Amino acid sequence: MPRITMREAISQALWEEMERDPSVFILGEEVGVWGGSYAVTKGFYDHFGPERVKDTPIAEAAIIGAAIGAALTGLRPIAEIMTINFAFSAFDHIINEAAKFHYMFAGQMMVPMVIRTVSGGGRQLAATHSQTPDAIFAHFPGLKVVAPGTPEDAKGLLKSAIRCDDPVLFIESATLYQLRGEVSEGDNLIPIGKSKIQRPGKDVTIVTYSKMLDTSIKAADLLAQEGIEAEIVDLRTLRPLDMGPVLESFKKTNRAVVAEEGWRSYGVGAEVVARIYEEAFDYVDAPIQRVAQKEVPLPYNRTMEQLALPQIEDVLKAVREVL
Amino acid sequence: MEKEEYLELFRQMLLIRMVEDQASVLYQQGKIGGFLHLYIGQEAVSTGLISARQEQDRVITAYRDHGVAINCGIPAKVVLSELLGKVTGCSQGRGGSMHMADISKNFWGGHAIVGAHLPIAAGLALGDRYQGKDSVTICMFGDGATNIGYFHEAVNLSKVWNLSVLWVCENNLYGMGTAVDRASAVSHIRQKAEGYMIPNSRVDGMDVLKVREATQKAIGMVRSNKTPYFLEIETYRFRGHSMGDPERYRTSEEVKCWQEEEDPIGIYYKYLVENTIASKEELDGLEKSVEFEVQEAVQYAKSSPEPRAEDLYTNIYVEAG
C-alpha cells in the first residue's frame with residue numbers, strides 16, 4: 001500500500017467521489033481559485049470547473065444554508081468551513097436546520113451533506129482560531145460527527161460521509177495534514193460509527209481520536225520500552241459513538257485513559273468515562289484518567305500554547321496513574 | 001382569469017381564515033401546545049403569491065405557515081392534525097404549528113428560526129440551477145427577518161450567483177412587538193434589495209389580485225432572466241404575534257381600523273360582487289361549504305391517532321448508525 005499524507009488522502013477521497021458522482025460538489029471559502037486554505041482542493045477548480053468547486057463569500061451561514069438547500073434538492077454538497085471556530089457563525093444552520101429536518105418533517109426531507117472543517121491548536125493562531133470544540137457538535141442527535149486520526153481512515157470515512165444520506169461533520173486536524181500512513185488503493189469505504197483498535201495491548205486501554213491518536217501512539221511506543229503494552233482504541237466517529245471496542249478492551253485491561261485535545265469539562269473524555277462506569281463498573285481496577293487541554297483560552301506564545309495543549313508526557317503520566 | 005380561478009382565491013382565503021379561527025379556539029381549549037402564530041389578516045399575501053407559481057416552483061416560509069401550507073395544497077384536516085400533534089399531520093406531529101411541510105407539493109416548510117431559511121432558499125435555487133431545472137424558489141419572510149445577518153448573506157449570495165429566487169418580504173409592520181421603524185434602518189424593506197442591485201417592487205398585500213399580478217410579473221422575470229427579484233408585500237396581522245401577545249405595542253383602534261377597512265377577504269368579496277364575477281348568494285354558499293369543510297377537518301384532527309411511542313426514535317437519521 002502506498003504511504004501518503006493525510007492531506008493527500010482527503011484530497012483523493014474528494015477527487016474520486018467527484019469523479020464517481022456528478023451530484024457531488026464543493027463549496028466554501030477559497031476552495032476554488034486559491035486551491036483550499038489547507039491546499040486540500042488544489043487542482044480541483046481547473047479540473048472540475050467553477051460550478052462544482054464553488055468559491056463563496058466569507059459568509060458561513062450562507063455556505064451551510066446553501067449546502068442544506070442544495071442537499072434538499074438531491075445533490076451531495078461538501079461545504080468547507082475553513083476552521084471549526086468559524087462554524088460557530090453557522091452553528092444555527094448545522095444544529096437547528098441540517099440536524100433537524102429529517103426528524104422534524106417526519107422523514108420527508110434528507111440532508112445528504114458533508115461539512116469539512118479543521119479543528120485543533122498548535123499553530124500559534126491564538127484563542128479564536130485554535131479551539132477543539134468537537135464535543136459540542138457531537139451533542140446533537142441528527143448530526144453525525146467523524147474525526148479520523150490516520151490517512152487510511154480519513155480517506156475511507158470521507159468517502160462514506162459523502163455517500164451518506166445524513167449530514168456529517170467531518171473534522172480534520174490542523175496539525176495532521178503532513179502525517180503519513182498507508183492507504184488502500186481504490187474504493188475502501190470505512191463505515192461511520194465504528195471505533196477501531198489501532199494498536200493492540202493488554203495492560204491499559206487508551207481511548208482517543210484525531211490528533212491525540214498520534215500522540216497516544218507515540219506514548220505507547222515509549223511505554224512499550226518499559227514493557228507496558230497499551231491498547232489504543234480510536235473512536236473515529238464521535239456520534240454515533242461506538243463503545244463496543246472500548247468496553248471490550250477495558251474488560252480485558254481494567255484500566256483506561258481517555259485522551260482528547262479539547263477541554264476536559266463536558267468533553268469527549270467525560271462521555272466515554274461515564275459510559276465505561278455505566279456499562280463496565282465491575283471491571284474497574286483504578287479510577288479512569290482523562291488527558292485534555294488545560295482550561296484556558298489558547299495563548300499565542302508558542303511555549304505557553306504547548307503548555308496548555310495535551311502532550312505525550314501527559315498521556316504517559318495518566319497511564320502511570322492508572323497502572 | 002376564469003371565474004373558477006377567481007372563486008378559488010376566495011375559497012382559499014376563507015379556508016385559511018376559518019382554519020385559523022378554529023386553531024385559536026383549539027389553542028384556548030388547550031388542545032394545541034407551544035406557540036401559535038395566526039395568519040388572519042395576511043391571507044391575500046400567500047394566496048395571491050402561490051396562485052401565481054408553477055408546479056415546479058418551490059415555496060419556503062417562516063413560522064407563520066398554516067396559510068402557506070393550505071395555499072400549497074395541504075388539506076385543512078392535515079394542517080389541523082399537525083396543530084393537534086397527530087400522526088395524520090403533515091409532519092406527523094413532529095413539527096407542530098411552526099414546522100409544516102409537504103415536499104410532494106413543493107412546500108419546503110415552515111421554519112422557525114428567524115431568517116435561517118433564507119440561505120436554505122438560496123441553496124434550493126442553487127440545486128435547481130446545478131441540475132438545469134427551470135424552477136423558481138419563492139422564499140417568504142417577515143419584515144423582522146430583514147435585520148438579521150442571514151438575510152444579508154442569503155440575498156447577497158443570490159445576486160452573486162444569480163439564483164432564481166423570488167424573495168418575498170411580508171411587511172406586516174411589526175416584528176413581534178417592535179414596529180418596523182424601530183428595528184429597521186429603512187421602513188420600505190424593498191430598499192434593502194437596492195443595495196444588492198436586485199430589482200424590486202412593493203405591493204398592497206390586502207388585495208389578492210394585486211399580489212397575484214405582481215407575483216406573476218416577478219416570477220416571470222426571475223425565470224426568464226435567471227436572477228433574483230425582491231417583492232415587498234404590505235400587509236397587517238389582525239391578531240397578536242402569537243397567542244400569548246399582550247399587544248401593548250399597538251392600539252386597539254389601529255387594529256380595528258385595519259380590520260374594518262383593509263380586510264383582504266372583505267375587499268375581495270366586494271370586488272367579486274361589484275364586478276359581477278360572482279353573486280352574493282354564490283359567495284355565501286361557498287362560505288357555507290368552507291365552514292362545513294373546516295368543521296369536518298376539526299373532527300378528523302380530533303379523532304386522529306396520536307403518534308406511537310415506538311416511533312420516538314424513527315427518522316433521526318436516514319442511515320441509523
# chains A, B, ... in the order shown; residues from 1 in each chain; ligands from 1
$ residues_around --residues "Thr314 (chain B)" --least-positions-apart "5" --cutoff "10 Å" --atoms "only C-alpha atoms" --output "PDB file with N, CA and C atoms, in the first residue's frame"
ATOM      1  N   HIS A 102     -34.714  15.995   8.927  1.00  0.00           N
ATOM      2  CA  HIS A 102     -35.184  14.645   8.641  1.00  0.00           C
ATOM      3  C   HIS A 102     -36.182  14.194   9.701  1.00  0.00           C
ATOM      4  N   TYR A 103     -35.870  14.475  10.930  1.00  0.00           N
ATOM      5  CA  TYR A 103     -36.765  14.071  12.025  1.00  0.00           C
ATOM      6  C   TYR A 103     -37.997  14.965  12.097  1.00  0.00           C
ATOM      7  N   ALA A 106     -40.668  14.563   9.660  1.00  0.00           N
ATOM      8  CA  ALA A 106     -41.134  13.175   9.619  1.00  0.00           C
ATOM      9  C   ALA A 106     -40.597  12.384   8.425  1.00  0.00           C
ATOM     10  N   GLY A 107     -39.304  12.552   8.177  1.00  0.00           N
ATOM     11  CA  GLY A 107     -38.670  11.727   7.161  1.00  0.00           C
ATOM     12  C   GLY A 107     -38.822  12.215   5.730  1.00  0.00           C
TER      13      GLY A 107
ATOM     14  N   ALA B 320     -29.296   4.660  10.090  1.00  0.00           N
ATOM     15  CA  ALA B 320     -29.047   4.530  11.525  1.00  0.00           C
ATOM     16  C   ALA B 320     -27.621   4.044  11.753  1.00  0.00           C
TER      17      ALA B 320
END
$ residues_around --residues "region 279-282 of chain A" --least-positions-apart "6" --cutoff "9 Å" --atoms "only C-alpha atoms" --output "compact mmCIF listing (two decimals) with C-alpha atoms, in the first residue's frame"
# COMPACT_ATOMS: atom_id res chain seq x y z
CA LEU A 247 -15.67 -1.83 26.52
CA PHE A 250 -11.47 -2.25 29.06
CA LYS A 251 -12.89 -5.56 30.25
$ residues_around --residues "Ala39 (chain A)" --least-positions-apart "3" --cutoff "12 Å" --atoms "only C-alpha atoms" --output "PyMOL selection string"
chain A and resi 6-8+10-11+30-36+42-45+82+177-178
$ interface_residues --of "chain B" --to "chain A" --cutoff "10 Å" --atoms "only C-alpha atoms" --output "mmCIF file with N, CA and C atoms, in the first residue's frame"
data_model
loop_
_atom_site.group_PDB
_atom_site.id
_atom_site.type_symbol
_atom_site.label_atom_id
_atom_site.label_comp_id
_atom_site.auth_asym_id
_atom_site.auth_seq_id
_atom_site.Cartn_x
_atom_site.Cartn_y
_atom_site.Cartn_z
ATOM 1 N N VAL B 87 -50.605 12.055 14.286
ATOM 2 C CA VAL B 87 -49.768 11.352 13.317
ATOM 3 C C VAL B 87 -50.263 11.607 11.888
ATOM 4 N N GLY B 89 -50.911 14.513 10.801
ATOM 5 C CA GLY B 89 -50.439 15.835 10.411
ATOM 6 C C GLY B 89 -49.355 15.747 9.350
ATOM 7 N N CYS B 90 -49.102 16.866 8.667
ATOM 8 C CA CYS B 90 -48.133 16.818 7.559
ATOM 9 C C CYS B 90 -46.729 16.493 8.049
ATOM 10 N N SER B 91 -46.430 16.813 9.291
ATOM 11 C CA SER B 91 -45.131 16.422 9.851
ATOM 12 C C SER B 91 -45.310 15.358 10.934
ATOM 13 N N GLN B 92 -46.433 14.658 10.856
ATOM 14 C CA GLN B 92 -46.754 13.536 11.766
ATOM 15 C C GLN B 92 -46.661 13.905 13.240
ATOM 16 N N GLY B 93 -46.984 15.181 13.525
ATOM 17 C CA GLY B 93 -46.958 15.612 14.911
ATOM 18 C C GLY B 93 -45.559 15.899 15.439
ATOM 19 N N ARG B 94 -44.576 15.887 14.555
ATOM 20 C CA ARG B 94 -43.189 16.154 14.974
ATOM 21 C C ARG B 94 -42.889 17.660 14.994
ATOM 22 N N GLY B 95 -43.568 18.369 14.119
ATOM 23 C CA GLY B 95 -43.181 19.766 13.897
ATOM 24 C C GLY B 95 -44.090 20.773 14.579
ATOM 25 N N GLY B 96 -45.395 20.509 14.549
ATOM 26 C CA GLY B 96 -46.344 21.443 15.121
ATOM 27 C C GLY B 96 -46.559 22.666 14.241
ATOM 28 N N HIS B 99 -43.653 24.153 12.005
ATOM 29 C CA HIS B 99 -42.834 23.312 11.123
ATOM 30 C C HIS B 99 -43.700 22.393 10.275
ATOM 31 N N MET B 100 -44.458 22.985 9.389
ATOM 32 C CA MET B 100 -45.251 22.171 8.473
ATOM 33 C C MET B 100 -44.513 22.094 7.141
ATOM 34 N N ALA B 101 -44.663 20.970 6.453
ATOM 35 C CA ALA B 101 -44.062 20.846 5.132
ATOM 36 C C ALA B 101 -44.733 19.705 4.391
ATOM 37 N N ASP B 102 -44.722 19.795 3.088
ATOM 38 C CA ASP B 102 -45.102 18.664 2.249
ATOM 39 C C ASP B 102 -44.328 18.813 0.950
ATOM 40 N N ILE B 103 -43.246 18.057 0.853
ATOM 41 C CA ILE B 103 -42.372 18.276 -0.303
ATOM 42 C C ILE B 103 -43.015 17.762 -1.584
ATOM 43 N N SER B 104 -44.016 16.883 -1.468
ATOM 44 C CA SER B 104 -44.700 16.434 -2.683
ATOM 45 C C SER B 104 -45.499 17.576 -3.298
ATOM 46 N N TRP B 108 -41.629 23.529 1.217
ATOM 47 C CA TRP B 108 -40.409 23.125 1.922
ATOM 48 C C TRP B 108 -40.331 23.675 3.338
ATOM 49 N N GLY B 109 -41.466 23.979 3.925
ATOM 50 C CA GLY B 109 -41.517 24.347 5.338
ATOM 51 C C GLY B 109 -41.671 25.834 5.497
ATOM 52 N N GLY B 110 -42.184 26.148 6.506
ATOM 53 C CA GLY B 110 -42.298 26.030 7.906
ATOM 54 C C GLY B 110 -40.947 26.075 8.627
ATOM 55 N N HIS B 111 -40.323 27.304 8.814
ATOM 56 C CA HIS B 111 -39.046 27.380 9.525
ATOM 57 C C HIS B 111 -39.108 28.435 10.625
ATOM 58 N N ALA B 112 -38.656 28.025 11.805
ATOM 59 C CA ALA B 112 -38.977 28.829 12.985
ATOM 60 C C ALA B 112 -37.826 29.655 13.531
ATOM 61 N N ILE B 113 -36.640 29.528 12.957
ATOM 62 C CA ILE B 113 -35.554 30.402 13.388
ATOM 63 C C ILE B 113 -35.560 31.592 12.429
ATOM 64 N N ALA B 116 -33.374 32.074 9.153
ATOM 65 C CA ALA B 116 -32.486 30.938 8.869
ATOM 66 C C ALA B 116 -32.826 30.238 7.561
ATOM 67 N N HIS B 117 -34.069 30.340 7.138
ATOM 68 C CA HIS B 117 -34.422 29.629 5.903
ATOM 69 C C HIS B 117 -34.026 30.398 4.654
ATOM 70 N N LEU B 118 -33.545 31.607 4.803
ATOM 71 C CA LEU B 118 -33.177 32.369 3.599
ATOM 72 C C LEU B 118 -31.942 31.794 2.899
ATOM 73 N N PRO B 119 -30.862 31.500 3.634
ATOM 74 C CA PRO B 119 -29.750 30.826 2.960
ATOM 75 C C PRO B 119 -30.154 29.463 2.385
ATOM 76 N N ILE B 120 -31.083 28.794 3.046
ATOM 77 C CA ILE B 120 -31.539 27.497 2.537
ATOM 78 C C ILE B 120 -32.298 27.673 1.225
ATOM 79 N N ALA B 121 -33.073 28.744 1.157
ATOM 80 C CA ALA B 121 -33.772 29.049 -0.095
ATOM 81 C C ALA B 121 -32.766 29.269 -1.223
ATOM 82 N N ALA B 122 -31.699 29.981 -0.913
ATOM 83 C CA ALA B 122 -30.648 30.186 -1.915
ATOM 84 C C ALA B 122 -30.096 28.828 -2.356
ATOM 85 N N GLY B 123 -29.952 27.922 -1.405
ATOM 86 C CA GLY B 123 -29.448 26.583 -1.714
ATOM 87 C C GLY B 123 -30.403 25.767 -2.571
ATOM 88 N N LEU B 124 -31.698 25.903 -2.299
ATOM 89 C CA LEU B 124 -32.680 25.204 -3.146
ATOM 90 C C LEU B 124 -32.533 25.683 -4.593
ATOM 91 N N ALA B 125 -32.402 26.989 -4.744
ATOM 92 C CA ALA B 125 -32.262 27.551 -6.090
ATOM 93 C C ALA B 125 -30.928 27.139 -6.714
ATOM 94 N N LEU B 126 -29.905 27.056 -5.884
ATOM 95 C CA LEU B 126 -28.599 26.595 -6.373
ATOM 96 C C LEU B 126 -28.701 25.162 -6.884
ATOM 97 N N GLY B 127 -29.393 24.326 -6.114
ATOM 98 C CA GLY B 127 -29.574 22.928 -6.521
ATOM 99 C C GLY B 127 -30.323 22.822 -7.842
ATOM 100 N N ASP B 128 -31.345 23.635 -7.999
ATOM 101 C CA ASP B 128 -32.110 23.610 -9.252
ATOM 102 C C ASP B 128 -31.263 24.097 -10.425
ATOM 103 N N ARG B 129 -30.481 25.138 -10.185
ATOM 104 C CA ARG B 129 -29.610 25.653 -11.253
ATOM 105 C C ARG B 129 -28.590 24.596 -11.655
ATOM 106 N N TYR B 130 -27.992 23.961 -10.677
ATOM 107 C CA TYR B 130 -26.968 22.931 -10.895
ATOM 108 C C TYR B 130 -27.523 21.807 -11.762
ATOM 109 N N GLN B 131 -28.807 21.484 -11.520
ATOM 110 C CA GLN B 131 -29.436 20.376 -12.239
ATOM 111 C C GLN B 131 -30.186 20.821 -13.483
ATOM 112 N N GLY B 149 -28.422 38.889 10.123
ATOM 113 C CA GLY B 149 -27.347 38.655 9.159
ATOM 114 C C GLY B 149 -27.691 37.663 8.058
ATOM 115 N N TYR B 150 -28.429 36.614 8.406
ATOM 116 C CA TYR B 150 -28.788 35.591 7.412
ATOM 117 C C TYR B 150 -29.412 36.216 6.171
ATOM 118 N N PHE B 151 -30.288 37.188 6.399
ATOM 119 C CA PHE B 151 -30.956 37.858 5.283
ATOM 120 C C PHE B 151 -29.918 38.411 4.319
ATOM 121 N N HIS B 152 -28.958 39.114 4.871
ATOM 122 C CA HIS B 152 -27.984 39.793 4.017
ATOM 123 C C HIS B 152 -27.040 38.802 3.340
ATOM 124 N N GLU B 153 -26.659 37.762 4.070
ATOM 125 C CA GLU B 153 -25.805 36.737 3.462
ATOM 126 C C GLU B 153 -26.527 36.056 2.301
ATOM 127 N N ALA B 154 -27.792 35.762 2.523
ATOM 128 C CA ALA B 154 -28.543 34.999 1.521
ATOM 129 C C ALA B 154 -28.878 35.845 0.299
ATOM 130 N N VAL B 155 -29.315 37.074 0.549
ATOM 131 C CA VAL B 155 -29.705 37.941 -0.563
ATOM 132 C C VAL B 155 -28.470 38.287 -1.398
ATOM 133 N N ASN B 156 -27.372 38.546 -0.723
ATOM 134 C CA ASN B 156 -26.113 38.813 -1.438
ATOM 135 C C ASN B 156 -25.725 37.612 -2.303
ATOM 136 N N LEU B 157 -25.785 36.437 -1.705
ATOM 137 C CA LEU B 157 -25.396 35.221 -2.434
ATOM 138 C C LEU B 157 -26.280 35.022 -3.668
ATOM 139 N N SER B 158 -27.562 35.294 -3.505
ATOM 140 C CA SER B 158 -28.480 35.089 -4.632
ATOM 141 C C SER B 158 -28.114 35.975 -5.808
ATOM 142 N N VAL B 160 -24.921 37.331 -6.279
ATOM 143 C CA VAL B 160 -23.577 36.961 -6.742
ATOM 144 C C VAL B 160 -23.651 35.731 -7.661
ATOM 145 N N TRP B 161 -24.522 34.791 -7.309
ATOM 146 C CA TRP B 161 -24.641 33.559 -8.096
ATOM 147 C C TRP B 161 -25.834 33.590 -9.065
ATOM 148 N N LEU B 312 -40.703 7.120 18.547
ATOM 149 C CA LEU B 312 -39.923 8.244 19.086
ATOM 150 C C LEU B 312 -38.564 8.376 18.399
ATOM 151 N N TYR B 313 -37.955 7.244 18.120
ATOM 152 C CA TYR B 313 -36.584 7.265 17.575
ATOM 153 C C TYR B 313 -36.513 7.139 16.055
ATOM 154 N N THR B 314 -37.652 7.056 15.377
ATOM 155 C CA THR B 314 -37.556 6.883 13.924
ATOM 156 C C THR B 314 -37.233 8.206 13.240
ATOM 157 N N ASN B 315 -36.441 8.105 12.201
ATOM 158 C CA ASN B 315 -36.068 9.250 11.354
ATOM 159 C C ASN B 315 -35.135 10.263 12.007
ATOM 160 N N ILE B 316 -34.383 9.841 13.018
ATOM 161 C CA ILE B 316 -33.321 10.741 13.480
ATOM 162 C C ILE B 316 -32.259 10.798 12.378
ATOM 163 N N TYR B 317 -31.964 9.619 11.840
ATOM 164 C CA TYR B 317 -31.037 9.516 10.711
ATOM 165 C C TYR B 317 -31.704 8.737 9.594
ATOM 166 N N VAL B 318 -31.252 8.987 8.369
ATOM 167 C CA VAL B 318 -31.685 8.151 7.254
ATOM 168 C C VAL B 318 -31.020 6.784 7.399
ATOM 169 N N GLU B 319 -29.712 6.842 7.706
ATOM 170 C CA GLU B 319 -28.944 5.616 7.904
ATOM 171 C C GLU B 319 -28.589 5.522 9.381
ATOM 172 N N ALA B 320 -29.296 4.660 10.090
ATOM 173 C CA ALA B 320 -29.047 4.530 11.525
ATOM 174 C C ALA B 320 -27.621 4.044 11.753
ATOM 175 N N GLY B 321 -26.969 4.611 12.762
ATOM 176 C CA GLY B 321 -25.564 4.267 12.989
ATOM 177 C C GLY B 321 -25.419 3.064 13.902
#
$ residues_around --residues "Glu5 (chain B)" --least-positions-apart "2" --cutoff "12 Å" --atoms "only C-alpha atoms" --output "list in words"
Met1, Glu2, Lys3, Leu7, Glu8, Leu9, Phe10, Arg11, Gln12, Thr47, Gly48, Ser51, Ala52, Leu209, Arg212, Leu272, Ile277 and Ala278 of chain B
$ write_last_selection --atoms "C-alpha atoms" --output "tab-separated table (two decimals), in the first residue's frame"
chain	number	residue	atom	x	y	z
B	1	MET	CA	-58.77	34.74	-15.44
B	2	GLU	CA	-61.64	32.23	-15.42
B	3	LYS	CA	-64.44	32.55	-12.92
B	7	LEU	CA	-63.59	31.82	-6.77
B	8	GLU	CA	-60.69	29.56	-5.87
B	9	LEU	CA	-58.73	32.51	-4.50
B	10	PHE	CA	-61.78	33.47	-2.43
B	11	ARG	CA	-62.18	29.91	-1.20
B	12	GLN	CA	-58.56	29.60	-0.16
B	47	THR	CA	-52.97	33.17	-1.61
B	48	GLY	CA	-52.03	35.65	-4.31
B	51	SER	CA	-51.62	31.15	-7.10
B	52	ALA	CA	-49.00	32.58	-9.44
B	209	LEU	CA	-55.33	40.26	-7.24
B	212	ARG	CA	-51.09	37.78	-7.79
B	272	LEU	CA	-66.21	39.99	-6.94
B	277	ILE	CA	-67.89	37.97	-11.21
B	278	ALA	CA	-69.95	36.21	-8.56
$ select_by_dssp --residues "region 31-191 of chain B" --states "alpha helix (DSSP H)" --output "PyMOL selection string"
chain B and resi 43-51+66-71+76-83+117-130+149-160+180-183+190-191
$ residues_around --residues "Val118 (chain A)" --least-positions-apart "6" --cutoff "7 Å" --atoms "only C-alpha atoms" --output "list in words"
Met82, Thr83, Ile84, Ile171, Glu172, Ser173 and Ala174 of chain A
$ closest_residue --among "A:Ala230, A:Val296, A:Ala13, A:Leu309" --to "Lys159 (chain A)" --atoms "only C-alpha atoms"
A:Ala13
$ atom_distance --atom1 "CA of Lys77 (chain B)" --atom2 "CA of Arg308 (chain B)"
19.7 Å
$ decode --residues "region 271-288 of chain A" --atoms "C-alpha atoms" --output "short mmCIF file (atom, residue, chain, number, x, y, z; two decimals), in the first residue's frame"
data_model
loop_
_atom_site.label_atom_id
_atom_site.label_comp_id
_atom_site.auth_asym_id
_atom_site.auth_seq_id
_atom_site.Cartn_x
_atom_site.Cartn_y
_atom_site.Cartn_z
CA GLU A 271 -18.75 10.99 27.92
CA VAL A 272 -16.53 7.96 27.39
CA VAL A 273 -15.60 7.66 31.05
CA ALA A 274 -19.23 7.91 32.13
CA ARG A 275 -20.18 5.18 29.72
CA ILE A 276 -17.42 2.90 30.92
CA TYR A 277 -18.57 3.37 34.51
CA GLU A 278 -22.19 2.77 33.46
CA GLU A 279 -21.51 -0.31 31.43
CA ALA A 280 -18.39 -1.91 32.90
CA PHE A 281 -18.26 -0.78 36.52
CA ASP A 282 -17.38 -4.23 37.80
CA TYR A 283 -14.24 -4.25 35.69
CA VAL A 284 -12.76 -1.02 37.07
CA ASP A 285 -9.42 -1.57 38.80
CA ALA A 286 -8.37 2.09 39.01
CA PRO A 287 -10.05 5.48 38.57
CA ILE A 288 -10.07 6.29 34.85
#
